[in-house]
Every structure is written in structure tokens, then in C-alpha cells.
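Undergrad: The structure that follows is given in the form of C-alpha cells.
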Amino acid sequence: LDLVARTPDVIACNMANTPLEDTSVNAVVFCLALMGTDYGSFLVEAHRVLQPMGALWIAEVRSRLEQENKDVDVTKDFLAALKRVGFEVVRQDSSNKMFVVFELKKSADKKPVLTPATIVWPDLKACLYKKADEASSARDYVLLHT
């Protein structure tokens, strides 16, 4: 699944409304994929399609969880929102200076919150992708944090 299908094996869809059936998958992975302003709806949808005790993996750019004041980190609010959806934190890996990885599981006993509008999701900082330099080929890009 992806927003744009670049190959026949990929189904194009909005991650907030996938064609998957309820409790139909064992794992969901978001790798640098929570870029939409409605990213919370993606995570509510992940809860819907995951089987009980299913795995949710999120890899995100570390600076997206920081505010203008680099001493402020919204990770606590982000994880609190995920818990309200019905996920339990298994592990958080912040050892990399650029990325953070969250491993969660769908709670077996908690009913999901049905709409992302009922959950306060923290704003994540935007990322811009730009060419590394003018001599770079069109496929070479650098991730810049805003």
C-alpha cells in the first residue's frame, strides 16, 4: 500500500482508508511515512486492520519530534496518543542520532478509539527534501529538517 502505485504490486490508497479488512494483518510498518497532517488517522487505521497483539513499527526522523526549542520533545505526547488508540509500547530505540524507532503492539483488551478526531495528536515538524547540490543527479536527495 502506498499513496502512489509505482509498480503493479502496490495498491494506491490513502493510509487513512485502506482496502484491508478489519483485523486482517499481523504487522504494520510506517517508515518515514507519517508525513500527512492527518497522520493520526493513519495510525487509527493501522489499529483497525491489525489483529489483536499485532505489531506496529514506526521509524521517524528524530527532529520531527522536536519543537523549535530543541529541548522540547513531543515523543511523550505522541506515545500517549498511540496508547489512547489502543497500542502498547514494546520498545523505543533512540540510539541513532537521526532516527527514532517505535515498536508497539495492538492491545488485546482495549477497545479502539474510533475516530482520530477524538485524540489530540501532537504536531510533528515537517521535513523538506532537496537536491544535495547542483552537481547531483536527479535521484540524489538530502533530507533537510525545518
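FYI, nothing fancy with the C-alpha cells labels: chains A, B, ... in order, residues from 1 per chain, ligands from 1 as they appear.
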DSSP on the backbone: what in region 58-98 of chain A comes out strand (DSSP E or B), as a list in words?

TA: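 Written out, the strand (DSSP E or B) residues of region 58-98 of chain A are Ile58, Ala59, Glu60, Val61, Glu66, Asp73, Phe87, Glu88, Val89, Val90, Arg91, Gln92 and Asp93 of chain A.
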
Undergrad: Could you check which of A:Ala12, A:Glu88, A:Thr23, A:Asn17 is closest to Phe42 (chain A), using only C-alpha atoms?

TA: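 Ranked by minimum distance to Phe42 (chain A), first place goes to A:Asn17.
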
Undergrad: Can you pull out the residues contacting Ala108 (chain A)? Cut-off 10 Å, using only C-alpha atoms, and skip same-chain residues under 2 positions away; I want them as a PyMOL selection string.

TA: chain A and resi 51-54+86-88+105-106+110-111

Undergrad: For the residues in the current selection, export C-alpha atoms as a tab-separated table (two decimals), in the first residue's frame.

TA:
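Result saved to part-v3.tsv:
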chain	number	residue	atom	x	y	z
A	51	GLN	CA	-5.02	-8.47	14.58
A	52	PRO	CA	-5.03	-8.43	18.40
A	53	MET	CA	-1.42	-8.31	19.61
A	54	GLY	CA	-0.32	-7.35	16.06
A	86	GLY	CA	-5.11	1.02	21.79
A	87	PHE	CA	-1.39	0.37	21.35
A	88	GLU	CA	1.17	-0.65	23.95
A	105	LYS	CA	1.62	-3.90	19.74
A	106	LYS	CA	-2.12	-3.71	19.48
A	110	LYS	CA	-8.62	-2.32	24.83
A	111	LYS	CA	-11.36	-1.14	22.52

Undergrad: Excluding same-chain residues fewer than 5 positions from Ala46 (chain A), what lies within 10 Å of it counting only C-alpha atoms, as a PyMOL selection string?

TA: chain A and resi 15-18+20+22-23+25+27-30+40-41+51+54-56+85+106

Undergrad: Residues within 9 Å of Ala59 (chain A), please, as a ChimeraX atom specification. Count only C-alpha atoms; anything in the same chain fewer than 6 positions from it doesn't count.

TA: /A:29-33,99-103

Undergrad: Can I get the selected residues back with C-alpha atoms, as a JSON list (two decimals), in the first residue's frame?

TA:
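Okay, this is what ended up in out.json:
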[["chain", "number", "residue", "atom", "x", "y", "z"],
["A", 29, "VAL", "CA", 5.18, -0.60, 9.25],
["A", 30, "PHE", "CA", 5.40, 3.16, 8.83],
["A", 31, "CYS", "CA", 8.93, 4.05, 7.73],
["A", 32, "LEU", "CA", 9.19, 7.80, 7.27],
["A", 33, "ALA", "CA", 5.54, 7.63, 6.23],
["A", 99, "PHE", "CA", 16.03, 8.48, 13.53],
["A", 100, "VAL", "CA", 13.84, 7.02, 16.25],
["A", 101, "VAL", "CA", 12.09, 3.65, 16.04],
["A", 102, "PHE", "CA", 8.99, 2.69, 17.99],
["A", 103, "GLU", "CA", 7.85, -0.92, 18.33]]

Undergrad: Please identify the alpha helix (DSSP H) residues within region 6-137 of chain A (assignment by DSSP from backbone atoms) and present them as a list in words.

TA: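 These are the residues in question: Tyr39, Gly40, Ser41, Phe42, Leu43, Val44, Glu45, Ala46, His47, Arg48, Val49, Thr75, Lys76, Asp77, Phe78, Leu79, Ala80, Ala81, Leu82, Lys83, Arg84 and Val85 of chain A.
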
Undergrad: Give me a file of those residues, with N, CA and C atoms, as a PDB file, in the first residue's frame.

TA:
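Done, and the output landed in out_32.pdb:
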ATOM      1  N   TYR A  39      -1.822  12.435  10.061  1.00  0.00           N
ATOM      2  CA  TYR A  39      -1.127  11.170  10.331  1.00  0.00           C
ATOM      3  C   TYR A  39      -1.814  10.337  11.405  1.00  0.00           C
ATOM      4  N   GLY A  40      -2.519  10.973  12.321  1.00  0.00           N
ATOM      5  CA  GLY A  40      -3.228  10.236  13.368  1.00  0.00           C
ATOM      6  C   GLY A  40      -4.261   9.282  12.789  1.00  0.00           C
ATOM      7  N   SER A  41      -4.901   9.696  11.707  1.00  0.00           N
ATOM      8  CA  SER A  41      -5.887   8.817  11.071  1.00  0.00           C
ATOM      9  C   SER A  41      -5.221   7.593  10.453  1.00  0.00           C
ATOM     10  N   PHE A  42      -3.955   7.703  10.050  1.00  0.00           N
ATOM     11  CA  PHE A  42      -3.214   6.543   9.536  1.00  0.00           C
ATOM     12  C   PHE A  42      -3.036   5.509  10.654  1.00  0.00           C
ATOM     13  N   LEU A  43      -2.749   6.008  11.853  1.00  0.00           N
ATOM     14  CA  LEU A  43      -2.478   5.113  12.983  1.00  0.00           C
ATOM     15  C   LEU A  43      -3.764   4.483  13.517  1.00  0.00           C
ATOM     16  N   VAL A  44      -4.870   5.213  13.452  1.00  0.00           N
ATOM     17  CA  VAL A  44      -6.165   4.635  13.811  1.00  0.00           C
ATOM     18  C   VAL A  44      -6.517   3.533  12.811  1.00  0.00           C
ATOM     19  N   GLU A  45      -6.241   3.762  11.537  1.00  0.00           N
ATOM     20  CA  GLU A  45      -6.485   2.749  10.507  1.00  0.00           C
ATOM     21  C   GLU A  45      -5.586   1.530  10.729  1.00  0.00           C
ATOM     22  N   ALA A  46      -4.352   1.746  11.131  1.00  0.00           N
ATOM     23  CA  ALA A  46      -3.456   0.629  11.439  1.00  0.00           C
ATOM     24  C   ALA A  46      -4.052  -0.234  12.553  1.00  0.00           C
ATOM     25  N   HIS A  47      -4.618   0.416  13.559  1.00  0.00           N
ATOM     26  CA  HIS A  47      -5.252  -0.321  14.652  1.00  0.00           C
ATOM     27  C   HIS A  47      -6.418  -1.160  14.133  1.00  0.00           C
ATOM     28  N   ARG A  48      -7.197  -0.597  13.245  1.00  0.00           N
ATOM     29  CA  ARG A  48      -8.359  -1.313  12.689  1.00  0.00           C
ATOM     30  C   ARG A  48      -7.934  -2.579  11.947  1.00  0.00           C
ATOM     31  N   VAL A  49      -6.891  -2.511  11.134  1.00  0.00           N
ATOM     32  CA  VAL A  49      -6.520  -3.653  10.300  1.00  0.00           C
ATOM     33  C   VAL A  49      -5.640  -4.675  11.015  1.00  0.00           C
ATOM     34  N   THR A  75       7.663  13.379  21.927  1.00  0.00           N
ATOM     35  CA  THR A  75       7.577  11.917  21.943  1.00  0.00           C
ATOM     36  C   THR A  75       6.577  11.427  22.987  1.00  0.00           C
ATOM     37  N   LYS A  76       6.595  12.023  24.163  1.00  0.00           N
ATOM     38  CA  LYS A  76       5.688  11.600  25.236  1.00  0.00           C
ATOM     39  C   LYS A  76       4.228  11.766  24.804  1.00  0.00           C
ATOM     40  N   ASP A  77       3.900  12.899  24.181  1.00  0.00           N
ATOM     41  CA  ASP A  77       2.534  13.147  23.705  1.00  0.00           C
ATOM     42  C   ASP A  77       2.174  12.195  22.559  1.00  0.00           C
ATOM     43  N   PHE A  78       3.122  11.937  21.681  1.00  0.00           N
ATOM     44  CA  PHE A  78       2.919  11.022  20.558  1.00  0.00           C
ATOM     45  C   PHE A  78       2.590   9.616  21.070  1.00  0.00           C
ATOM     46  N   LEU A  79       3.381   9.131  22.018  1.00  0.00           N
ATOM     47  CA  LEU A  79       3.145   7.794  22.578  1.00  0.00           C
ATOM     48  C   LEU A  79       1.849   7.746  23.385  1.00  0.00           C
ATOM     49  N   ALA A  80       1.511   8.827  24.071  1.00  0.00           N
ATOM     50  CA  ALA A  80       0.248   8.874  24.827  1.00  0.00           C
ATOM     51  C   ALA A  80      -0.945   8.765  23.874  1.00  0.00           C
ATOM     52  N   ALA A  81      -0.863   9.424  22.725  1.00  0.00           N
ATOM     53  CA  ALA A  81      -1.940   9.336  21.739  1.00  0.00           C
ATOM     54  C   ALA A  81      -2.048   7.911  21.203  1.00  0.00           C
ATOM     55  N   LEU A  82      -0.925   7.271  20.940  1.00  0.00           N
ATOM     56  CA  LEU A  82      -0.940   5.881  20.464  1.00  0.00           C
ATOM     57  C   LEU A  82      -1.562   4.949  21.502  1.00  0.00           C
ATOM     58  N   LYS A  83      -1.294   5.201  22.769  1.00  0.00           N
ATOM     59  CA  LYS A  83      -1.899   4.385  23.840  1.00  0.00           C
ATOM     60  C   LYS A  83      -3.418   4.568  23.868  1.00  0.00           C
ATOM     61  N   ARG A  84      -3.874   5.814  23.623  1.00  0.00           N
ATOM     62  CA  ARG A  84      -5.321   6.059  23.610  1.00  0.00           C
ATOM     63  C   ARG A  84      -5.999   5.339  22.443  1.00  0.00           C
ATOM     64  N   VAL A  85      -5.279   5.150  21.356  1.00  0.00           N
ATOM     65  CA  VAL A  85      -5.828   4.403  20.220  1.00  0.00           C
ATOM     66  C   VAL A  85      -5.971   2.931  20.579  1.00  0.00           C
TER      67      VAL A  85
END

Undergrad: Residues near Cys13 (chain A), anyone? I mean within 10 Å using only C-alpha atoms, not counting same-chain ones fewer than 3 positions away, as a PyMOL selection string.

TA: chain A and resi 1-5+10+16-19
